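Participant: Enclosed is the structure file query.cif (mmCIF, C-alpha atoms and all ligand atoms).
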```
data_target
#
loop_
_atom_site.label_atom_id
_atom_site.label_comp_id
_atom_site.auth_asym_id
_atom_site.auth_seq_id
_atom_site.Cartn_x
_atom_site.Cartn_y
_atom_site.Cartn_z
CA MET A 1 -70.48 141.37 -9.86
CA SER A 2 -67.37 139.49 -8.72
CA SER A 3 -67.16 137.73 -5.34
CA ARG A 4 -64.81 140.33 -3.80
CA PRO A 5 -66.42 142.56 -1.14
CA LYS A 6 -68.48 145.33 -2.71
CA ARG A 7 -67.09 148.84 -2.24
CA VAL A 8 -69.76 151.26 -0.99
CA LEU A 9 -69.61 154.96 -0.15
CA VAL A 10 -72.20 156.20 2.37
CA THR A 11 -72.66 159.98 2.40
CA GLY A 12 -73.40 161.78 5.67
CA ALA A 13 -72.28 158.68 7.58
CA ALA A 14 -70.90 160.35 10.72
CA LYS A 15 -74.16 160.20 12.68
CA ARG A 16 -77.70 158.92 12.95
CA ILE A 17 -79.13 157.09 9.91
CA GLY A 18 -75.97 157.26 7.79
CA ARG A 19 -73.90 155.88 10.64
CA ALA A 20 -76.35 152.99 11.12
CA ILE A 21 -76.22 152.20 7.39
CA ALA A 22 -72.41 152.25 7.26
CA ILE A 23 -72.00 150.01 10.32
CA ASP A 24 -74.67 147.57 9.14
CA LEU A 25 -73.06 147.25 5.69
CA ALA A 26 -69.57 146.80 7.19
CA HIS A 27 -70.94 144.06 9.47
CA HIS A 28 -72.47 142.33 6.45
CA GLY A 29 -69.31 142.07 4.37
CA PHE A 30 -69.29 145.35 2.42
CA GLU A 31 -66.11 147.40 2.17
CA VAL A 32 -67.34 150.76 3.42
CA ALA A 33 -66.08 154.33 2.92
CA ILE A 34 -67.41 157.09 5.16
CA HIS A 35 -68.25 160.57 3.88
CA TYR A 36 -68.87 163.51 6.20
CA GLY A 37 -69.35 167.28 5.89
CA ASN A 38 -68.51 168.87 9.25
CA SER A 39 -68.66 166.00 11.77
CA ARG A 40 -65.09 164.77 11.53
CA ALA A 41 -64.76 163.24 15.02
CA GLU A 42 -68.05 161.35 14.68
CA ALA A 43 -67.07 160.18 11.16
CA GLU A 44 -63.81 158.79 12.51
CA GLU A 45 -65.73 157.00 15.26
CA THR A 46 -68.10 155.48 12.67
CA ALA A 47 -65.07 154.43 10.61
CA ARG A 48 -63.61 152.68 13.66
CA GLU A 49 -66.90 150.85 14.23
CA CYS A 50 -66.76 149.78 10.57
CA GLY A 51 -63.43 148.08 11.25
CA GLY A 52 -61.16 150.86 10.05
CA ALA A 53 -63.00 152.40 7.07
CA LEU A 54 -61.53 155.23 5.00
CA VAL A 55 -62.99 158.68 5.71
CA PHE A 56 -63.66 161.40 3.10
CA GLN A 57 -64.76 165.02 3.63
CA ALA A 58 -66.68 167.15 1.13
CA ASP A 59 -69.36 169.84 1.06
CA LEU A 60 -72.08 168.26 -1.08
CA ALA A 61 -73.61 171.67 -1.81
CA SER A 62 -70.66 172.23 -4.17
CA VAL A 63 -70.37 170.33 -7.46
CA PRO A 64 -66.57 170.90 -7.69
CA GLU A 65 -66.27 169.43 -4.17
CA ILE A 66 -68.37 166.43 -5.24
CA ARG A 67 -66.10 165.88 -8.25
CA ARG A 68 -63.04 166.08 -5.99
CA LEU A 69 -64.64 163.66 -3.49
CA PHE A 70 -65.31 160.97 -6.09
CA ALA A 71 -61.86 161.36 -7.66
CA ASP A 72 -60.36 160.98 -4.19
CA VAL A 73 -62.56 157.94 -3.45
CA ARG A 74 -61.51 156.33 -6.71
CA THR A 75 -57.82 156.86 -5.98
CA ARG A 76 -57.71 155.94 -2.29
CA PHE A 77 -60.55 153.39 -2.06
CA GLY A 78 -61.11 152.10 -5.61
CA PRO A 79 -63.97 152.38 -8.10
CA LEU A 80 -67.35 152.18 -6.41
CA ASP A 81 -69.69 149.21 -6.74
CA CYS A 82 -72.35 150.94 -4.61
CA LEU A 83 -73.36 154.40 -3.43
CA VAL A 84 -75.78 155.32 -0.65
CA ASN A 85 -76.87 158.95 -0.90
CA ASN A 86 -77.91 159.64 2.69
CA ALA A 87 -76.67 163.20 3.37
CA ALA A 88 -79.40 165.83 3.36
CA ARG A 89 -80.57 169.04 4.93
CA PHE A 90 -83.91 169.63 6.71
CA THR A 91 -85.48 172.98 7.62
CA ARG A 92 -88.95 174.27 8.48
CA PHE A 93 -90.45 177.41 6.88
CA ASP A 94 -93.87 178.80 6.18
CA PRO A 95 -94.00 178.68 2.35
CA LEU A 96 -95.11 182.35 2.33
CA GLU A 97 -91.94 183.36 4.16
CA ILE A 98 -89.28 181.19 2.54
CA THR A 99 -86.50 183.04 0.68
CA GLU A 100 -84.52 182.06 -2.40
CA GLN A 101 -81.57 181.37 -0.12
CA ASP A 102 -83.65 179.07 2.12
CA TRP A 103 -84.88 177.21 -0.96
CA ASP A 104 -81.38 176.78 -2.43
CA PHE A 105 -79.98 175.68 0.95
CA ILE A 106 -82.18 172.57 0.78
CA HIS A 107 -82.11 171.86 -2.95
CA ASP A 108 -78.34 172.35 -3.34
CA VAL A 109 -77.74 169.25 -1.20
CA ASN A 110 -80.91 167.14 -1.29
CA LEU A 111 -81.50 167.20 -5.04
CA LYS A 112 -78.68 168.87 -6.98
CA GLY A 113 -75.87 167.50 -4.82
CA THR A 114 -77.37 164.02 -4.79
CA PHE A 115 -77.74 164.06 -8.59
CA PHE A 116 -74.06 164.92 -9.11
CA CYS A 117 -73.05 162.21 -6.59
CA CYS A 118 -75.10 159.75 -8.67
CA GLN A 119 -73.44 160.97 -11.87
CA GLU A 120 -69.90 160.65 -10.52
CA ALA A 121 -70.60 157.19 -9.04
CA ALA A 122 -72.29 155.98 -12.22
CA ARG A 123 -69.20 156.90 -14.27
CA GLN A 124 -67.13 154.60 -12.04
CA MET A 125 -69.80 151.86 -12.05
CA ARG A 126 -70.15 151.98 -15.82
CA GLN A 127 -66.44 151.23 -16.11
CA LEU A 128 -66.92 148.22 -13.80
CA GLY A 129 -69.98 147.17 -15.83
CA ALA A 130 -72.26 147.02 -12.75
CA GLY A 131 -73.40 149.10 -9.79
CA ARG A 132 -76.09 149.88 -7.24
CA ILE A 133 -77.27 153.27 -6.02
CA VAL A 134 -79.68 153.80 -3.11
CA ASN A 135 -81.07 157.28 -2.55
CA ILE A 136 -82.47 158.04 0.90
CA SER A 137 -85.58 160.08 0.15
CA SER A 138 -88.35 160.63 2.70
CA LEU A 139 -91.99 160.10 3.51
CA GLY A 140 -92.00 163.87 2.88
CA GLY A 141 -91.40 163.11 -0.81
CA ILE A 142 -94.57 161.01 -0.87
CA ARG A 143 -96.91 162.89 1.49
CA PRO A 144 -97.21 166.71 1.74
CA TRP A 145 -95.97 168.45 4.91
CA ALA A 146 -97.21 172.09 4.96
CA ASP A 147 -94.24 173.69 6.73
CA HIS A 148 -91.73 171.68 4.72
CA ALA A 149 -92.93 172.34 1.13
CA HIS A 150 -89.34 173.08 0.01
CA TYR A 151 -88.00 169.87 1.64
CA CYS A 152 -90.93 167.81 0.31
CA ALA A 153 -90.26 169.13 -3.20
CA SER A 154 -86.57 168.19 -2.93
CA LYS A 155 -87.41 164.64 -1.80
CA ALA A 156 -90.20 164.20 -4.37
CA GLY A 157 -87.61 165.33 -6.94
CA LEU A 158 -85.21 162.73 -5.60
CA ILE A 159 -87.86 160.02 -5.98
CA MET A 160 -88.41 160.94 -9.64
CA LEU A 161 -84.64 161.23 -10.14
CA THR A 162 -84.31 157.67 -8.81
CA ARG A 163 -86.88 156.40 -11.31
CA ALA A 164 -85.41 158.32 -14.25
CA LEU A 165 -81.83 157.26 -13.51
CA ALA A 166 -82.92 153.64 -13.11
CA LYS A 167 -84.19 153.84 -16.69
CA ALA A 168 -81.20 155.83 -17.96
CA TRP A 169 -78.51 153.60 -16.49
CA ALA A 170 -80.01 150.13 -16.94
CA PRO A 171 -78.89 147.47 -17.52
CA GLU A 172 -75.61 148.06 -15.69
CA ILE A 173 -76.77 150.10 -12.69
CA ALA A 174 -79.78 149.55 -10.42
CA VAL A 175 -81.09 152.72 -8.75
CA ASN A 176 -83.60 152.52 -5.89
CA SER A 177 -84.77 154.63 -2.97
CA VAL A 178 -85.60 154.08 0.69
CA ALA A 179 -88.13 156.61 2.04
CA PRO A 180 -87.93 156.83 5.84
CA GLY A 181 -90.87 157.85 8.01
CA VAL A 182 -90.09 159.17 11.48
CA ILE A 183 -86.72 157.79 12.58
CA ALA A 184 -85.95 158.84 16.15
CA PHE A 185 -82.64 159.40 17.90
CA GLY A 186 -83.98 160.56 21.26
CA ASP A 187 -84.62 164.12 20.02
CA THR A 188 -88.24 164.05 18.80
CA ASP A 189 -89.99 167.44 18.74
CA ALA A 190 -93.77 167.94 19.02
CA GLU A 191 -94.24 167.55 15.26
CA ALA A 192 -92.39 164.21 15.21
CA GLN A 193 -94.26 163.00 18.29
CA SER A 194 -97.59 163.72 16.64
CA MET A 195 -96.45 161.79 13.53
CA ILE A 196 -95.39 158.86 15.71
CA ARG A 197 -98.87 158.84 17.31
CA ALA A 198 -100.37 158.70 13.80
CA THR A 199 -98.08 155.85 12.69
CA PRO A 200 -100.01 152.57 12.37
CA MET A 201 -97.11 150.62 13.92
CA GLN A 202 -97.34 153.06 16.89
CA LYS A 203 -93.63 153.79 17.17
CA ALA A 204 -90.77 155.59 15.48
CA GLY A 205 -88.36 153.67 13.27
CA THR A 206 -84.66 153.15 13.96
CA GLY A 207 -81.48 153.58 11.97
CA ALA A 208 -81.31 149.78 11.85
CA ASP A 209 -84.70 149.66 10.08
CA ILE A 210 -83.39 151.94 7.34
CA ALA A 211 -80.05 150.13 7.14
CA GLU A 212 -81.75 146.80 6.56
CA ALA A 213 -83.82 148.24 3.70
CA VAL A 214 -80.69 149.78 2.14
CA ARG A 215 -78.85 146.46 2.41
CA PHE A 216 -81.79 144.76 0.71
CA PHE A 217 -81.47 147.05 -2.34
CA LEU A 218 -77.67 146.64 -2.43
CA SER A 219 -78.00 142.84 -2.39
CA ALA A 220 -81.28 142.32 -4.27
CA PRO A 221 -81.54 140.98 -7.82
CA GLU A 222 -80.61 143.72 -10.31
CA PHE A 223 -84.08 143.17 -11.82
CA ILE A 224 -85.31 145.36 -8.92
CA THR A 225 -84.68 148.93 -10.04
CA GLY A 226 -86.50 152.26 -9.97
CA GLN A 227 -88.34 151.27 -6.78
CA ILE A 228 -89.25 153.35 -3.74
CA LEU A 229 -89.52 151.49 -0.43
CA ALA A 230 -91.24 153.44 2.35
CA VAL A 231 -89.91 152.36 5.76
CA ASP A 232 -92.41 154.29 7.82
CA GLY A 233 -94.46 151.98 10.04
CA GLY A 234 -97.34 152.36 7.59
CA LEU A 235 -97.66 156.16 7.90
CA SER A 236 -97.75 156.61 4.10
CA GLN A 237 -100.93 154.50 4.06
CA ARG A 238 -102.90 157.05 6.10
N1 LIG B 1 -84.47 161.26 10.66
C1 LIG B 1 -85.66 161.11 10.09
O1 LIG B 1 -86.71 160.95 10.76
C2 LIG B 1 -85.79 161.11 8.58
C3 LIG B 1 -87.07 161.05 8.01
C4 LIG B 1 -87.21 161.04 6.64
C5 LIG B 1 -86.08 161.08 5.83
N2 LIG B 1 -84.85 161.15 6.39
C6 LIG B 1 -83.69 161.19 5.50
O2 LIG B 1 -82.72 160.24 5.92
C7 LIG B 1 -81.40 160.75 5.70
C8 LIG B 1 -80.63 160.77 7.01
O3 LIG B 1 -81.42 161.42 7.99
P1 LIG B 1 -80.78 161.94 9.36
O4 LIG B 1 -81.90 162.46 10.18
O5 LIG B 1 -79.86 160.91 9.89
O6 LIG B 1 -79.96 163.15 8.71
P2 LIG B 1 -79.17 164.39 9.35
O7 LIG B 1 -78.57 163.96 10.62
O8 LIG B 1 -80.05 165.57 9.34
O9 LIG B 1 -78.07 164.59 8.19
C9 LIG B 1 -77.21 163.54 7.80
C10 LIG B 1 -75.88 164.11 7.44
O10 LIG B 1 -75.97 164.85 6.21
C11 LIG B 1 -74.75 165.54 6.13
N3 LIG B 1 -74.85 166.76 5.31
C12 LIG B 1 -75.83 167.69 5.29
N4 LIG B 1 -75.47 168.69 4.45
C13 LIG B 1 -74.25 168.39 3.94
C14 LIG B 1 -73.37 169.03 3.05
N5 LIG B 1 -73.63 170.22 2.50
N6 LIG B 1 -72.20 168.43 2.76
C15 LIG B 1 -71.89 167.25 3.33
N7 LIG B 1 -72.68 166.59 4.18
C16 LIG B 1 -73.85 167.16 4.49
C17 LIG B 1 -74.35 165.94 7.56
O11 LIG B 1 -72.98 165.58 7.72
P3 LIG B 1 -72.01 166.32 8.81
O12 LIG B 1 -72.70 166.16 10.13
O13 LIG B 1 -70.74 165.57 8.69
O14 LIG B 1 -71.91 167.77 8.39
C18 LIG B 1 -75.30 165.09 8.43
O15 LIG B 1 -74.66 164.43 9.48
C19 LIG B 1 -81.59 162.12 5.08
O16 LIG B 1 -81.55 162.00 3.67
C20 LIG B 1 -82.98 162.53 5.53
O17 LIG B 1 -83.60 163.47 4.67
C21 LIG B 1 -84.67 161.18 7.75
#
```
Produce structure tokens that represent the structure in this file.
Facilitator:
Amino acid sequence: MSSRPKRVLVTGAAKRIGRAIAIDLAHHGFEVAIHYGNSRAEAEETARECGGALVFQADLASVPEIRRLFADVRTRFGPLDCLVNNAARFTRFDPLEITEQDWDFIHDVNLKGTFFCCQEAARQMRQLGAGRIVNISSLGGIRPWADHAHYCASKAGLIMLTRALAKAWAPEIAVNSVAPGVIAFGDTDAEAQSMIRATPMQKAGTGADIAEAVRFFLSAPEFITGQILAVDGGLSQR
């Protein structure tokens, strides 16, 4: 890649982990674009903290919206060097009760939407001759959570998608995944608290922990591809 700042789009960057990733990358010399779904005011605040980043809205459950988003990004921001697929949905259902609608609600964004974001970004990266994609998966894609079978399946799918796309799009594009454990923002419920107690490092992670892992993959040698890095305080080792 050239020595100009790398252009990176972070999806779901208005709040929480996505916000931490966007701000960290901006502070480390990346040219950042902020995507949001509904949280416009928070996205604009993140953009300010990134030093005046461009802001893009799209519903990632819709493939036509994803295509419009990436066309818009290309026109207003420039072809992407890097993409961080952070946006996702999370729900809890007993697997005996879950409906087709509940299932699609999760998979439309977490797996299908993320795939089409990867596809659109890769088309731009291929034209540049290089690119990096980081997919934010989850410990739930590695370990089974009984009341989140639908979410776990979407994140396990994302992990395999990461590995398959790394193979498909080499040598130009490196594709890796960061799998967060419990990342707390002062709103931990009983389930999260019990997972924190079980975490060998005896604490929840922070947005900064995830951001640093993402920055590693965006800056690492391109020889590192198809890898899944759990940032979970050791919980996946239990
Ligand atoms: N927090 C954790 O402990 C944890 C653990 C494991 C994995 N993860 C993963 O880490 C990532 C970030 O986690 P988080 O807790 O920070 O996420 P979050 O707050 O639940 O969601 C991040 C953003 O995704 C966006 N989003 C969801 N559906 C969308 C849609 N249809 N179209 C556009 N944007 C959409 C939302 O944007 P708007 O608000 O703008 O609508 C939301 O702010 C996710 O991939 C999550 O699965 C998190």
Participant: Given 8 Å on each side, where is the centre and what are the edge lengths in Å to one decimal of the axis-aligned box enclosing the listed atoms of ligand LIG 1 (chain B), as AutoDock Vina command-line options?
Facilitator:
```
--center_x -79.0 --center_y 165.2 --center_z 6.6 --size_x 32.5 --size_y 26.0 --size_z 24.3
```
Participant: Select all residues near (-61.2, 151.8, -9.2) (cut-off 12 Å, inclusive, file coordinates), counting only C-alpha atoms, and output them as a PyMOL selection string.
Facilitator: chain A and resi 6-8+70-81+121+123-129
Participant: Would you mind listing what lies within 12 Å of Val182 (chain A) as a VMD selection string, with all atoms listed in the file counted and same-chain residues fewer than 3 positions away left out?
Facilitator: chain A and resid 17 138 to 140 179 185 to 189 191 to 207 209 to 210 230 to 236
Participant: Show me which residues are within 6 Å of ligand LIG 1 (chain B) counting all atoms listed in the file, and format the list as a ChimeraX atom specification.
Facilitator: /A:12,14-18,36-39,58-61,86-89,109,136-139,180-184
Participant: Using CA of Gln227 (chain A) and CA of Leu25 (chain A) as the two end points, give the distance in Å to one decimal.
Facilitator: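 Answer for the CA of Gln227 (chain A) to CA of Leu25 (chain A) separation: 20.1 Å.
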Participant: Which distance in Å separates CA of Ala164 (chain A) and CA of Asn176 (chain A), to one decimal?
Facilitator: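 Interatomic distance, CA of Ala164 (chain A) to CA of Asn176 (chain A): 10.3 Å.
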Participant: What gap, in Å, lies between CA of Gly226 (chain A) and CA of Pro64 (chain A)?
Facilitator: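 Separating CA of Gly226 (chain A) from CA of Pro64 (chain A) is a distance of 27.4 Å.
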Participant: With all atoms listed in the file as the counted atoms, please give the residues lying no more than 8 Å from Val10 (chain A), apart from itself and same-chain residues fewer than 2 positions off, as a list in words.
Facilitator: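 Final neighbour list, sorted by chain and number: Val8, Gly12, Ala13, Gly18, Ile21, Ala22, Val32, Ala33, Ile34, His35, Leu83, Val84, Asn85 and Asn86 of chain A.
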Participant: When distances are computed from all atoms listed in the file, which of A:Ala146, A:Ala47, A:Val214, A:Leu229 shows the smallest separation from Arg132 (chain A)?
Facilitator: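 Among the listed residues, A:Val214 lies closest to Arg132 (chain A).
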Participant: Excluding Val63 (chain A) and any residue of its chain fewer than 4 positions from it, enumerate the residues within 8 Å of it, using only C-alpha atoms, and give them as a list in words.
Facilitator: Arg67, Gly113 and Phe116 of chain A
Participant: Compare A:Pro5, A:Pro95, A:Gly131, A:Gly51 by their minimum atom-to-atom distance to Leu218 (chain A), counting all atoms listed in the file, and give me the closest one.
Facilitator: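 Closest to Leu218 (chain A), using all atoms listed in the file: A:Gly131.
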Participant: Looking at A:Thr225, A:Ser219, A:Arg68, A:Ala53, which one is nearest to Leu165 (chain A), with distances taken over all atoms listed in the file?
Facilitator: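 Ranked by minimum distance to Leu165 (chain A), first place goes to A:Thr225.
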Participant: Tell me which of A:Glu42, A:Cys152, A:Thr162, A:Arg143 sits closest to Trp103 (chain A), counting only C-alpha atoms.
Facilitator: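 Nearest candidate to Trp103 (chain A) out of A:Glu42, A:Cys152, A:Thr162, A:Arg143: A:Cys152.
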Participant: Rank A:Thr11, A:Gln57, A:Thr91, A:Thr46 by their smallest atom-to-atom distance to Thr114 (chain A), using only C-alpha atoms, and report the top residue only.
Facilitator: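 Among the listed residues, A:Thr11 lies closest to Thr114 (chain A).
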Participant: If we count only C-alpha atoms, what is near region 98-100 of chain A at a cut-off of 10 Å, once residues fewer than 4 positions away on the same chain are taken out, given as a list in words?
Facilitator: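 Residues meeting the cut-off are Arg92, Phe93, Asp94, Asp104, Phe105, Asp147, Ala149 and His150 of chain A.
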Participant: Under the rule that only C-alpha atoms are counted, which of A:Glu172, A:Glu120, A:Glu222, A:Glu45 is the nearest residue to Leu69 (chain A)?
Facilitator: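 Of A:Glu172, A:Glu120, A:Glu222, A:Glu45, the one nearest Leu69 (chain A), counting only C-alpha atoms, is A:Glu120.
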Participant: Place N, CA and C atoms on region 136-153 of chain A and deliver the coordinates as a compact mmCIF listing (two decimals), in the frame of the given file.
Facilitator:
```
# COMPACT_ATOMS: atom_id res chain seq x y z
N ILE A 136 -81.58 157.93 -0.26
CA ILE A 136 -82.47 158.04 0.90
C ILE A 136 -83.36 159.25 0.67
N SER A 137 -84.62 158.98 0.38
CA SER A 137 -85.58 160.08 0.15
C SER A 137 -86.30 160.34 1.47
N SER A 138 -87.62 160.32 1.47
CA SER A 138 -88.35 160.63 2.70
C SER A 138 -89.84 160.39 2.47
N LEU A 139 -90.52 160.09 3.54
CA LEU A 139 -91.99 160.10 3.51
C LEU A 139 -92.47 161.48 3.03
N GLY A 140 -91.68 162.51 3.32
CA GLY A 140 -92.00 163.87 2.88
C GLY A 140 -91.93 164.05 1.36
N GLY A 141 -91.38 163.09 0.66
CA GLY A 141 -91.40 163.11 -0.81
C GLY A 141 -92.61 162.40 -1.38
N ILE A 142 -93.38 161.77 -0.47
CA ILE A 142 -94.57 161.01 -0.87
C ILE A 142 -95.83 161.70 -0.38
N ARG A 143 -95.77 162.22 0.86
CA ARG A 143 -96.91 162.89 1.49
C ARG A 143 -96.55 164.36 1.73
N PRO A 144 -97.52 165.28 1.56
CA PRO A 144 -97.21 166.71 1.74
C PRO A 144 -97.16 167.13 3.20
N TRP A 145 -96.10 167.87 3.57
CA TRP A 145 -95.97 168.45 4.91
C TRP A 145 -95.96 169.98 4.73
N ALA A 146 -96.97 170.68 5.29
CA ALA A 146 -97.21 172.09 4.96
C ALA A 146 -96.02 173.00 5.25
N ASP A 147 -95.35 172.80 6.39
CA ASP A 147 -94.24 173.69 6.73
C ASP A 147 -92.91 173.21 6.18
N HIS A 148 -92.96 172.23 5.31
CA HIS A 148 -91.73 171.68 4.72
C HIS A 148 -91.89 171.56 3.20
N ALA A 149 -92.64 172.47 2.57
CA ALA A 149 -92.93 172.34 1.13
C ALA A 149 -91.63 172.25 0.32
N HIS A 150 -90.63 173.06 0.72
CA HIS A 150 -89.34 173.08 0.01
C HIS A 150 -88.62 171.75 0.16
N TYR A 151 -88.63 171.18 1.38
CA TYR A 151 -88.00 169.87 1.64
C TYR A 151 -88.77 168.78 0.90
N CYS A 152 -90.11 168.81 1.00
CA CYS A 152 -90.93 167.81 0.31
C CYS A 152 -90.65 167.82 -1.19
N ALA A 153 -90.53 169.03 -1.76
CA ALA A 153 -90.26 169.13 -3.20
C ALA A 153 -88.89 168.53 -3.53
```
